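J.: Before we start, here is the structure in question, set down as structure tokens.
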Amino acid sequence: MINNEIFYLFAIISVGYILGNVKIKGFSLDVTAMLIVALIAGHYGMVISDAFQYFGLAIFIYAVGLQSGPGFFDTIKHEGLKLNLLAALLLVVLFVIIFATGHFLHMPKTIIDGIFTGALTSVPALAAALEIKHTPATSVMFGLVYPFGIVATVLFIRLLPVFFRVDLQKEVEAYEAAQKSRFPDILTRNFRITNENFKTTQIKKSQIEAMTSTVIERMSTEKIDSTEDDDILLRYGDVIRVCGTEEQLGNLSIVLGESIGEEHVFDDNMIVLRLLTTSKEIIGKKIGTVKELKSLRAVITKVRRAGIDIAAYPNLTLRLGDKLHVVAPEMYAEKVTKIIGNDLLKYPAADFLPIALGVVVGILLGSVPLALPFVGTIKLSFVGGILISALVLGRLGRVGPIVWNLSPHSTSLLKTLGQLIFMATLGTNAGKYLVESLENNGFIPILVALGALLVALAVVALICRAIFKMNFIDILGLLSGAMTSTPTLTMANNITKTDYPSIAYAAVYPLGLVLVIVLAQLGMKMM
């Protein structure tokens with residue numbers, strides 16, 4: 001009965017959550033406790049339908065993808081090759097160890113492939129293997145190894161910082177500092193135009209901004225009669241206040257001339273507003289297209305997002321929760337505030353249209369067959385399709401009237417609810433076959449899987465830290481994404497108390513998903 005399943009679900013979540021928060025000498029099981037409770041419950045018949053598992057996984061992955069979308073493409077641009085090569089190395093090492101060991105022990109390839117897919121806890125990989133050769137042996141091995149693979153990878157992520165003696169708080173601070181170095185602080189400085197060229201040449205505000213990548217926020221110049229005139233001429237002797245990085249402002253001094261103190265008084269009746277982007281009318285739009293602000297002579301001079309300053313370029317897309325520095329005439333302060341929003345509580349917390357549409361698009365995308373040389377036709381599957389859909393939509397921000405961004409509260413709720421439902425269901429379904437599989441096959445397949453997992457994860461983690469000197473936040477996300485493991489990402493986020501590992505996770509997940517499917521099918525075709 002569905003009522004019993006709902007009772008089981010929330011009972012497991014409750015007990016797992018309580019046990020997971022018990023600390024002994026600073027150590028806690030966190031989400032591992034949920035898995036252990038669910039495995040025990042599954043063994044004693046408290047099984048929850050697979051539909052709950054896929055529902056939880058769908059909303060969790062969609063929320064992670066939406067949140068990671070902007071950072072994912074930025075990471076791919078800067079470090080994508082390195083991260084994906086390391087992810088591929090992890091999977092290939094795991095594949096080689098398991099198949100070499102299995103061949104040495106004279107195991108059939110159907111058994112070995114079940115061990116491989118079970119160690120990765122990858123349902124799409126199992127499905128891909130069964131498409132090549134459908135045999136119960138592969139599924140049984142998968143079911144036997146699966147729960148141990150989950151617990152082992154989650155515990156590995158939990159204990160890895162301990163083995164490396166890493167202070168995760170310092171790693172978080174270093175990660176944030178590195179992000180900040182890529183996005184330098186935006187400063188303001190006053191300049192008096194003393195360049196003689198301004199006496200003989202007509203130079204407009206927009207020309208200086210385009211040339212130096214800065215934003216001119218205030219001017220002491222001739223009176224502007226039209227409130228729609230956003231691109232006035234700059235003249236010799238004018239005093240202007242400009243926003244930009246230290247380097248940009250240094251270059252600007254060459255173009256304009258004299259830098260003067262901050263004590264200069266501008267007689268333009270302008271004020272600086274610090275506003276939160278919450279209006280659906282501007283979320284997802286580029287700064288240069290928000291005509292309502294231009295008509296009020298309001299200028300966005302700086303955008304603060306995820307703790308870093310971003311220059312307010314015209315092609316920068318505004319996102320929900322951005323903190324804007326806006327210079328505007330005092331008389332228009334109320335109108336400017338209304339346009340931007342500045343009230344997160346008024347943002348619809350339960351706008352389910354973008355959630356439903358995004359998941360539908362993702363499932364359809366995951367069902368499209370892709371032809372790969374030497375492998376054949378594969379599909380991105382349910383999870384891969386939803387993740388890619390969410391990453392792209394999160395990057396776009398909006399399409400027409402539909403705003404894909406969710407409020408921080410909605411995103412947090414979706415992720416937490418989704419992961420709890422997924423973990424509880426996952427554990428009960430694995431737990432019901434655990435004892436039977438152990439009796440029939442013994443511990444050798446489990447030992448092969450766990451040994452290969454620990455060696456592959458340890459080798460790649462050591463390479464990341466010792467050779468590439470990577471931040472531990474990226475290492476945790478990389479390992480989780482390469483394994484395409486939602487539980488390990490949950491653990492990584494929990495122990496770092498941030499969502500930063502999700503960025504590296506999302507950067508390597510698509511490749512990891514495709515590669516595990518390819519390797520699973522290759523395993524059935526080889527030997």
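Residues in the structure tokens are named by chain (A, B, ... in the order shown) and by number from 1 within that chain; ligands are numbered from 1 in the order shown.
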Mind checking DSSP for segment 350-434 of chain A and telling me the strand (DSSP E or B) residues as a list in words?
T.: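 Residues of segment 350-434 of chain A classed as strand (DSSP E or B): Pro369, Leu370, Ala371, Leu372, Gly376, Thr377, Ile378, Lys379, Arg398, Val399, Ile402 and Val403 of chain A.
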J.: Include N, CA, C and O atoms and write out the residues we just selected as an mmCIF file, in the first residue's frame.
T.:
data_model
loop_
_atom_site.group_PDB
_atom_site.id
_atom_site.type_symbol
_atom_site.label_atom_id
_atom_site.label_comp_id
_atom_site.auth_asym_id
_atom_site.auth_seq_id
_atom_site.Cartn_x
_atom_site.Cartn_y
_atom_site.Cartn_z
ATOM 1 N N PRO A 369 18.751 8.607 -28.770
ATOM 2 C CA PRO A 369 19.909 7.716 -28.984
ATOM 3 C C PRO A 369 21.064 8.434 -29.673
ATOM 4 O O PRO A 369 20.857 9.244 -30.582
ATOM 5 N N LEU A 370 22.281 8.152 -29.222
ATOM 6 C CA LEU A 370 23.487 8.743 -29.800
ATOM 7 C C LEU A 370 24.378 7.618 -30.317
ATOM 8 O O LEU A 370 24.617 6.635 -29.607
ATOM 9 N N ALA A 371 24.863 7.763 -31.533
ATOM 10 C CA ALA A 371 25.724 6.738 -32.141
ATOM 11 C C ALA A 371 27.186 7.081 -31.905
ATOM 12 O O ALA A 371 27.636 8.178 -32.244
ATOM 13 N N LEU A 372 27.934 6.152 -31.302
ATOM 14 C CA LEU A 372 29.360 6.352 -31.046
ATOM 15 C C LEU A 372 30.156 5.284 -31.793
ATOM 16 O O LEU A 372 29.763 4.108 -31.822
ATOM 17 N N GLY A 376 28.476 1.752 -30.603
ATOM 18 C CA GLY A 376 27.096 1.600 -31.029
ATOM 19 C C GLY A 376 26.238 2.730 -30.500
ATOM 20 O O GLY A 376 26.721 3.824 -30.218
ATOM 21 N N THR A 377 24.969 2.460 -30.329
ATOM 22 C CA THR A 377 24.018 3.480 -29.897
ATOM 23 C C THR A 377 23.901 3.489 -28.379
ATOM 24 O O THR A 377 23.719 2.441 -27.756
ATOM 25 N N ILE A 378 24.017 4.670 -27.792
ATOM 26 C CA ILE A 378 23.822 4.835 -26.356
ATOM 27 C C ILE A 378 22.858 5.990 -26.108
ATOM 28 O O ILE A 378 22.549 6.766 -27.018
ATOM 29 N N LYS A 379 22.381 6.086 -24.883
ATOM 30 C CA LYS A 379 21.516 7.201 -24.478
ATOM 31 C C LYS A 379 22.085 7.831 -23.213
ATOM 32 O O LYS A 379 22.712 7.154 -22.393
ATOM 33 N N ARG A 398 16.760 32.757 -18.590
ATOM 34 C CA ARG A 398 15.368 32.890 -19.004
ATOM 35 C C ARG A 398 15.262 32.655 -20.494
ATOM 36 O O ARG A 398 16.208 32.882 -21.252
ATOM 37 N N VAL A 399 14.094 32.207 -20.913
ATOM 38 C CA VAL A 399 13.759 32.077 -22.334
ATOM 39 C C VAL A 399 12.393 32.717 -22.508
ATOM 40 O O VAL A 399 11.380 32.181 -22.050
ATOM 41 N N ILE A 402 9.656 32.929 -19.558
ATOM 42 C CA ILE A 402 9.935 31.904 -18.539
ATOM 43 C C ILE A 402 11.301 32.138 -17.905
ATOM 44 O O ILE A 402 12.325 32.125 -18.588
ATOM 45 N N VAL A 403 11.322 32.356 -16.597
ATOM 46 C CA VAL A 403 12.561 32.521 -15.838
ATOM 47 C C VAL A 403 12.906 31.180 -15.206
ATOM 48 O O VAL A 403 12.129 30.628 -14.425
#
J.: Might you pull out every residue within 12 Å of Phe183 of chain A, with only C-alpha atoms counted and same-chain residues fewer than 3 positions away left off, and present them as a PyMOL selection string?
T.: chain A and resi 74+176-180+186+244-247+302-311
J.: Would you save the residues from that selection as a compact mmCIF listing (two decimals), in the first residue's frame, using N, CA and C atoms?
T.:
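Produced file selection-v3.txt, reproduced below:
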# COMPACT_ATOMS: atom_id res chain seq x y z
N ASP A 74 31.82 28.26 -16.89
CA ASP A 74 33.03 29.01 -16.56
C ASP A 74 34.17 28.05 -16.20
N GLU A 176 37.55 30.32 -2.20
CA GLU A 176 36.90 31.63 -2.38
C GLU A 176 37.91 32.69 -2.78
N ALA A 177 39.12 32.60 -2.22
CA ALA A 177 40.17 33.56 -2.58
C ALA A 177 40.58 33.39 -4.04
N ALA A 178 40.66 32.13 -4.50
CA ALA A 178 41.01 31.88 -5.90
C ALA A 178 39.94 32.42 -6.84
N GLN A 179 38.69 32.24 -6.44
CA GLN A 179 37.59 32.79 -7.25
C GLN A 179 37.69 34.32 -7.30
N LYS A 180 38.06 34.88 -6.18
CA LYS A 180 38.16 36.34 -6.11
C LYS A 180 39.30 36.86 -6.97
N ILE A 186 35.87 45.35 -7.75
CA ILE A 186 35.53 46.51 -8.57
C ILE A 186 35.67 47.75 -7.70
N GLY A 244 35.81 50.09 -12.00
CA GLY A 244 36.60 49.10 -12.73
C GLY A 244 37.61 48.44 -11.82
N THR A 245 38.34 47.48 -12.36
CA THR A 245 39.38 46.84 -11.57
C THR A 245 40.58 47.77 -11.46
N GLU A 246 41.51 47.43 -10.59
CA GLU A 246 42.71 48.25 -10.41
C GLU A 246 43.46 48.40 -11.73
N GLU A 247 43.56 47.31 -12.47
CA GLU A 247 44.26 47.35 -13.76
C GLU A 247 43.53 48.23 -14.76
N LYS A 302 28.22 47.86 -10.60
CA LYS A 302 28.89 46.67 -10.09
C LYS A 302 27.85 45.60 -9.76
N VAL A 303 28.22 44.36 -10.01
CA VAL A 303 27.36 43.22 -9.66
C VAL A 303 28.15 42.31 -8.73
N ARG A 304 27.55 42.02 -7.60
CA ARG A 304 28.20 41.09 -6.67
C ARG A 304 27.41 39.79 -6.69
N ARG A 305 28.09 38.70 -7.03
CA ARG A 305 27.42 37.41 -7.21
C ARG A 305 28.29 36.32 -6.57
N ALA A 306 27.66 35.53 -5.69
CA ALA A 306 28.37 34.41 -5.04
C ALA A 306 29.65 34.88 -4.35
N GLY A 307 29.60 36.09 -3.78
CA GLY A 307 30.74 36.58 -3.02
C GLY A 307 31.84 37.23 -3.82
N ILE A 308 31.64 37.40 -5.14
CA ILE A 308 32.67 38.02 -5.97
C ILE A 308 32.07 39.20 -6.72
N ASP A 309 32.94 40.16 -7.06
CA ASP A 309 32.53 41.33 -7.84
C ASP A 309 32.65 41.03 -9.32
N ILE A 310 31.64 41.44 -10.07
CA ILE A 310 31.64 41.27 -11.51
C ILE A 310 31.37 42.63 -12.15
N ALA A 311 32.17 42.98 -13.13
CA ALA A 311 31.97 44.26 -13.83
C ALA A 311 30.62 44.25 -14.53
J.: Take atom CA of Ile444 of chain A and atom CA of His106 of chain A and report the distance between them in Å, one decimal.
T.: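 Computing the Euclidean distance for atom CA of Ile444 of chain A and atom CA of His106 of chain A yields 12.3 Å.
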J.: With only C-alpha atoms as the basis for distance, which of A:Gly143, A:Pro314, A:Gly321, A:Pro373 is at the shortest distance from Leu522 of chain A?
T.: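 Ranking A:Gly143, A:Pro314, A:Gly321, A:Pro373 by distance to Leu522 of chain A, first place goes to A:Pro373.
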J.: Please list as a list of chain:residue names every residue within 10 Å of Val172 of chain A, counting only C-alpha atoms and excluding residues in the same chain fewer than 6 positions away.
T.: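 So, after excluding close chain neighbours, the residues are A:Ala178, A:Asn471, A:Phe472, A:Ile473, A:Thr496, A:Lys497, A:Thr498, A:Tyr500.
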J.: So what do you get for atom CA of Lys285 of chain A versus atom CA of Gln67 of chain A, distance-wise?
T.: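 Here the two named atoms are 17.3 Å from each other.
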J.: Mind checking DSSP for segment 283-449 of chain A and telling me the helix (DSSP H, G or I) residues as a ChimeraX atom specification?
T.: /A:287-289,291-295,330-340,344-346,352-366,381-396,408-431,434-441,444-449
J.: Take the residues just selected and output them with C-alpha atoms as a PDB file, in the first residue's frame.
T.:
ATOM      1  CA  ILE A 287      22.178  44.717 -18.419  1.00  0.00           C
ATOM      2  CA  GLY A 288      22.314  46.579 -21.711  1.00  0.00           C
ATOM      3  CA  THR A 289      18.734  45.577 -22.579  1.00  0.00           C
ATOM      4  CA  LYS A 291      15.696  50.056 -21.061  1.00  0.00           C
ATOM      5  CA  GLU A 292      13.648  51.044 -18.016  1.00  0.00           C
ATOM      6  CA  LEU A 293      16.838  51.886 -16.124  1.00  0.00           C
ATOM      7  CA  LYS A 294      18.299  53.859 -19.030  1.00  0.00           C
ATOM      8  CA  SER A 295      15.243  56.105 -19.210  1.00  0.00           C
ATOM      9  CA  GLU A 330      17.701  60.669  -6.105  1.00  0.00           C
ATOM     10  CA  MET A 331      14.262  61.585  -7.438  1.00  0.00           C
ATOM     11  CA  TYR A 332      14.046  58.210  -9.245  1.00  0.00           C
ATOM     12  CA  ALA A 333      15.298  56.036  -6.367  1.00  0.00           C
ATOM     13  CA  GLU A 334      11.876  54.514  -5.679  1.00  0.00           C
ATOM     14  CA  LYS A 335      11.220  53.741  -9.348  1.00  0.00           C
ATOM     15  CA  VAL A 336      14.653  52.146  -9.789  1.00  0.00           C
ATOM     16  CA  THR A 337      14.141  50.006  -6.681  1.00  0.00           C
ATOM     17  CA  LYS A 338      10.780  48.823  -7.996  1.00  0.00           C
ATOM     18  CA  ILE A 339      12.300  47.830 -11.355  1.00  0.00           C
ATOM     19  CA  ILE A 340      15.062  45.770  -9.725  1.00  0.00           C
ATOM     20  CA  LEU A 344      13.464  38.221  -2.186  1.00  0.00           C
ATOM     21  CA  LEU A 345      10.354  37.342  -0.204  1.00  0.00           C
ATOM     22  CA  LYS A 346       8.171  38.607  -3.049  1.00  0.00           C
ATOM     23  CA  PHE A 352       6.694  25.016 -10.656  1.00  0.00           C
ATOM     24  CA  LEU A 353       6.340  25.700 -14.378  1.00  0.00           C
ATOM     25  CA  PRO A 354      10.105  26.052 -15.040  1.00  0.00           C
ATOM     26  CA  ILE A 355      10.787  23.025 -12.814  1.00  0.00           C
ATOM     27  CA  ALA A 356       8.274  20.805 -14.607  1.00  0.00           C
ATOM     28  CA  LEU A 357       9.274  21.979 -18.091  1.00  0.00           C
ATOM     29  CA  GLY A 358      12.967  21.606 -17.368  1.00  0.00           C
ATOM     30  CA  VAL A 359      12.582  18.034 -16.102  1.00  0.00           C
ATOM     31  CA  VAL A 360      10.395  17.111 -19.100  1.00  0.00           C
ATOM     32  CA  VAL A 361      12.960  18.541 -21.528  1.00  0.00           C
ATOM     33  CA  GLY A 362      15.719  16.662 -19.693  1.00  0.00           C
ATOM     34  CA  ILE A 363      13.950  13.303 -19.817  1.00  0.00           C
ATOM     35  CA  LEU A 364      13.240  13.743 -23.537  1.00  0.00           C
ATOM     36  CA  LEU A 365      16.878  14.696 -24.131  1.00  0.00           C
ATOM     37  CA  GLY A 366      18.092  11.657 -22.223  1.00  0.00           C
ATOM     38  CA  SER A 381      19.600   8.318 -19.748  1.00  0.00           C
ATOM     39  CA  PHE A 382      17.183   9.888 -17.316  1.00  0.00           C
ATOM     40  CA  VAL A 383      19.832  11.477 -15.092  1.00  0.00           C
ATOM     41  CA  GLY A 384      22.174  12.698 -17.818  1.00  0.00           C
ATOM     42  CA  GLY A 385      19.391  14.334 -19.793  1.00  0.00           C
ATOM     43  CA  ILE A 386      18.018  16.198 -16.771  1.00  0.00           C
ATOM     44  CA  LEU A 387      21.466  17.398 -15.706  1.00  0.00           C
ATOM     45  CA  ILE A 388      22.378  18.726 -19.153  1.00  0.00           C
ATOM     46  CA  SER A 389      18.964  20.379 -19.496  1.00  0.00           C
ATOM     47  CA  ALA A 390      19.365  22.062 -16.094  1.00  0.00           C
ATOM     48  CA  LEU A 391      22.931  23.219 -16.826  1.00  0.00           C
ATOM     49  CA  VAL A 392      21.906  24.873 -20.090  1.00  0.00           C
ATOM     50  CA  LEU A 393      18.732  26.430 -18.672  1.00  0.00           C
ATOM     51  CA  GLY A 394      20.610  27.613 -15.580  1.00  0.00           C
ATOM     52  CA  ARG A 395      23.129  29.288 -17.869  1.00  0.00           C
ATOM     53  CA  LEU A 396      20.449  30.936 -20.007  1.00  0.00           C
ATOM     54  CA  PRO A 408      17.725  30.165  -3.018  1.00  0.00           C
ATOM     55  CA  HIS A 409      15.059  28.768  -0.686  1.00  0.00           C
ATOM     56  CA  SER A 410      13.415  26.797  -3.490  1.00  0.00           C
ATOM     57  CA  THR A 411      16.744  25.420  -4.705  1.00  0.00           C
ATOM     58  CA  SER A 412      17.748  24.350  -1.207  1.00  0.00           C
ATOM     59  CA  LEU A 413      14.388  22.669  -0.601  1.00  0.00           C
ATOM     60  CA  LEU A 414      14.487  20.772  -3.906  1.00  0.00           C
ATOM     61  CA  LYS A 415      18.034  19.523  -3.326  1.00  0.00           C
ATOM     62  CA  THR A 416      17.436  18.433   0.261  1.00  0.00           C
ATOM     63  CA  LEU A 417      14.079  16.776  -0.390  1.00  0.00           C
ATOM     64  CA  GLY A 418      15.313  15.079  -3.549  1.00  0.00           C
ATOM     65  CA  GLN A 419      18.467  13.637  -2.020  1.00  0.00           C
ATOM     66  CA  LEU A 420      16.659  12.348   1.084  1.00  0.00           C
ATOM     67  CA  ILE A 421      13.979  10.559  -0.961  1.00  0.00           C
ATOM     68  CA  PHE A 422      16.586   9.174  -3.353  1.00  0.00           C
ATOM     69  CA  MET A 423      18.896   7.838  -0.636  1.00  0.00           C
ATOM     70  CA  ALA A 424      16.122   6.215   1.367  1.00  0.00           C
ATOM     71  CA  THR A 425      14.630   4.462  -1.664  1.00  0.00           C
ATOM     72  CA  LEU A 426      18.022   3.457  -3.032  1.00  0.00           C
ATOM     73  CA  GLY A 427      19.027   1.795   0.213  1.00  0.00           C
ATOM     74  CA  THR A 428      15.827  -0.208   0.704  1.00  0.00           C
ATOM     75  CA  ASN A 429      15.918  -1.613  -2.836  1.00  0.00           C
ATOM     76  CA  ALA A 430      19.556  -2.664  -2.459  1.00  0.00           C
ATOM     77  CA  GLY A 431      19.009  -4.047   1.032  1.00  0.00           C
ATOM     78  CA  LEU A 434      21.889  -8.085   0.105  1.00  0.00           C
ATOM     79  CA  VAL A 435      21.859 -11.261   2.227  1.00  0.00           C
ATOM     80  CA  GLU A 436      20.683 -13.536  -0.601  1.00  0.00           C
ATOM     81  CA  SER A 437      23.412 -12.294  -2.937  1.00  0.00           C
ATOM     82  CA  LEU A 438      26.057 -12.767  -0.249  1.00  0.00           C
ATOM     83  CA  GLU A 439      24.950 -16.352   0.365  1.00  0.00           C
ATOM     84  CA  ASN A 440      25.072 -17.212  -3.346  1.00  0.00           C
ATOM     85  CA  ASN A 441      28.280 -15.436  -4.382  1.00  0.00           C
ATOM     86  CA  ILE A 444      34.965 -12.137  -3.517  1.00  0.00           C
ATOM     87  CA  PRO A 445      33.018  -9.862  -5.949  1.00  0.00           C
ATOM     88  CA  ILE A 446      32.623  -7.299  -3.159  1.00  0.00           C
ATOM     89  CA  LEU A 447      36.319  -7.413  -2.312  1.00  0.00           C
ATOM     90  CA  VAL A 448      37.263  -6.992  -5.981  1.00  0.00           C
ATOM     91  CA  ALA A 449      34.946  -4.001  -6.325  1.00  0.00           C
TER      92      ALA A 449
END
